[in-house]
Number of protein chains: 2
Amino acid sequence: MRMNSILVFLVLFTLAFTGSAQNKEPLTLASQGSFFVGGEDKTVNGGEITINQMYVQYQVPVNAAQHLPVVMVHGCCLSSKTWETTPDGRMGWNEYFVRKNRPVYLADQSSRARSGFDPSFLSAVKSGSVPPSQLPNILSASHQTAWTVFRFGPSFNKPFPDGQFPVEAVDELYKQMIPDLNSTLPSPNPTWKNMAALAGQLNGAILMGHSESGFFPEQAALIDASGIKGIVSIEMPCTNFNEEQLSKLAKVPTLIMFGDHLGDVQGGGPAQWMNSFNGCEKYVDQIKSKGGDAQMMHLPKLGIRGNSHMLMQDKNNLQLADLILNWIDEHIERRATPRK
Amino acid sequence: MRMNSILVFLVLFTLAFTGSAQNKEPLTLASQGSFFVGGEDKTVNGGEITINQMYVQYQVPVNAAQHLPVVMVHGCCLSSKTWETTPDGRMGWNEYFVRKNRPVYLADQSSRARSGFDPSFLSAVKSGSVPPSQLPNILSASHQTAWTVFRFGPSFNKPFPDGQFPVEAVDELYKQMIPDLNSTLPSPNPTWKNMAALAGQLNGAILMGHSESGFFPEQAALIDASGIKGIVSIEMPCTNFNEEQLSKLAKVPTLIMFGDHLGDVQGGGPAQWMNSFNGCEKYVDQIKSKGGDAQMMHLPKLGIRGNSHMLMQDKNNLQLADLILNWIDEHIERRATPRK
């Protein structure tokens, strides 16, 4: 970091003050809690364990009746912490959406965080029945990888001059980064089925994914779209689907959001964001050609500059949340029949 | 299970109804959020990762000024889910304590759930630099182990006739059980230091531990007791400390709680609860002999029968919460000078 410590102190002090001003109104909830979706028994060493379940934590505001629930699913090497208090202590999207009268459901992906994981690959290698070379690749993003893949700047510890990520608090982001065991999961990823089931249980919900999970809402809709009333996909590669799949997906209103500096990381970085963006522009056109309602929201085209990959934690995160809320209002809720 | 499915349905229906009645008053929060305590950088494969941090999620009620914050730390093979909605859908201690005007801080132990873990032991074995036999023992409790260690009944799937655990919803408990990587941690366990630091950051807090973490508050107090205003230790083996350590610990009011059927699991089960109980009775006497305020609350001695090891999820969980709240009032808060 090139900023001196006095500047860091002043910035953090200012942000903390802004944060507390944001939070000063009490938050009133009709209900809150947590539960699991999915999960199957597996016999390991003569006993049963439960695997592939998905932990979900929710808050329902008092004036939720007019709005659909929003399910938020985090990306690679992260947990639902993604959506909570930002690294510099501001309000996250989870609470902001609740304050905007939306029931919010945070899901830890199956095999991550409070959802647990299937540890039997470890005992198989430890006992010698599987060679160590067949241990799965557990993803663990270094600070260096996070800085460039998440586009905080052109190279490690060098921020973009107009960057929106609170780089003075980047160490707090690094604490959120945890090992990613998705490679230990069966195929298809059980999180997809669990997200579809959750939307059904909620009698209709909007599914939001980010990065690794950015296209999970679409994968969930291909399994069972009956509960999925809308999709918000943030910064991910878009999968190539066939015509039948695209026709199914065209029935669900879809918003795709990308931030800034997609091609501005030195050497492109480990993630090829321009390729992902171009692929998703194509996907939006494909959905439209099937008569669907899909929109690419590329923030720089709206005059919003400097957003990183972790845009739900960027300094203008609530402005971006408002864009999503307005899109939900315009494209899903005003078209739908009133909820009971 | 010997109950037929109609009975299971009726029980779940009744419990769900009771649960919703419990929850019908809106909950008003002054603030909520999440953050990390501790954490150090480690170089792995030429990059840095952060390890040993502790994830903390909190809620502060509007009328919290008169009360100390309560930090709740879960046990083996579990996460902070322990304290939330019970397996059968009733209110957990986290929300109940908040409704009783206590700020509540839920911590995922370092190396568990949203706190992440250090995955470098895996790459070391995969690359061949460490033999597979040296893979750490990752604890993963089977359904069979949970049933007997948690004292739901004398043997697997056979409940105690007076058991308080909602065995009709035991599958939901099994989904909470996740791999425990504490064996990958350095010694002393970083969670101890993190708990002490959290109490200090909060300018005074009551630390509560359960089972594996039951004695973590005491371990935290030996590192730095300055922020620890009280200790609640639930169902664990009590460590043998030396005279100097006991003198330090005697300065912190301590409540120890044990449930029922400590010796009633067939063959004793994998956990020797009577031994743990006897060891903790000795510990209480030792603290008293140093002039400390320690109390053993053995629930059957109060006429409260049938409590399992997961007593924060038992059907009478809120009755037990009241016992703890009353103990806090009597032994800590009424003796302390008013908080600013």
# chains A, B, ... in the order shown; residues from 1 in each chain; ligands from 1
call {"tool": "interface_residues", "arguments": {"of": "chain B", "to": "chain A", "cutoff": "8 Å", "atoms": "only C-alpha atoms", "output": "PyMOL selection string"}}
result
chain B and resi 23-31+33-36+39+47-51+53+62+79-81+84-85+87+91+112-119+122+125-128+132-135+138+140-144+172+174-179
call {"tool": "select_by_dssp", "arguments": {"residues": "range 135-281 of chain A", "states": "strand (DSSP E)", "output": "NGL selection string"}}
result
:A and (205-210 or 228-234 or 254-258)
call {"tool": "atom_distance", "arguments": {"atom1": "CA of Ala205 in chain B", "atom2": "CA of Ala107 in chain B"}}
result
13.2 Å
call {"tool": "closest_residue", "arguments": {"among": "B:Gly75, B:Pro237, B:Gly306, B:Gly227", "to": "Asn203 in chain B", "atoms": "only C-alpha atoms"}}
result
B:Gly227
call {"tool": "select_by_dssp", "arguments": {"residues": "range 83-329 of chain B", "states": "alpha helix (DSSP H)", "output": "ChimeraX atom specification"}}
result
/B:93-99,120-126,143-149,170-176,190-201,216-223,243-249,273-289,317-328
call {"tool": "closest_residue", "arguments": {"among": "B:Met257, B:Val73, B:Ala199, B:Leu311", "to": "Arg151 in chain B", "atoms": "only C-alpha atoms"}}
result
B:Leu311
call {"tool": "residues_around", "arguments": {"residues": "Met310 in chain B", "least_positions_apart": "2", "cutoff": "10 Å", "atoms": "only C-alpha atoms", "output": "list in words"}}
result
Gly75, Thr82, Trp83, Thr86, Ala146, Val149, Phe150, Arg151, Phe152, Gln164, Phe165, Leu173, His210, Ser211, Ile234, Glu235, Gly259, Asn307, Ser308, Met312, Gln313, Asp314 and Asn317 of chain B
call {"tool": "closest_residue", "arguments": {"among": "A:Ile231, A:Met236, A:Leu181, A:Leu323", "to": "Gly279 in chain A", "atoms": "only C-alpha atoms"}}
result
A:Met236
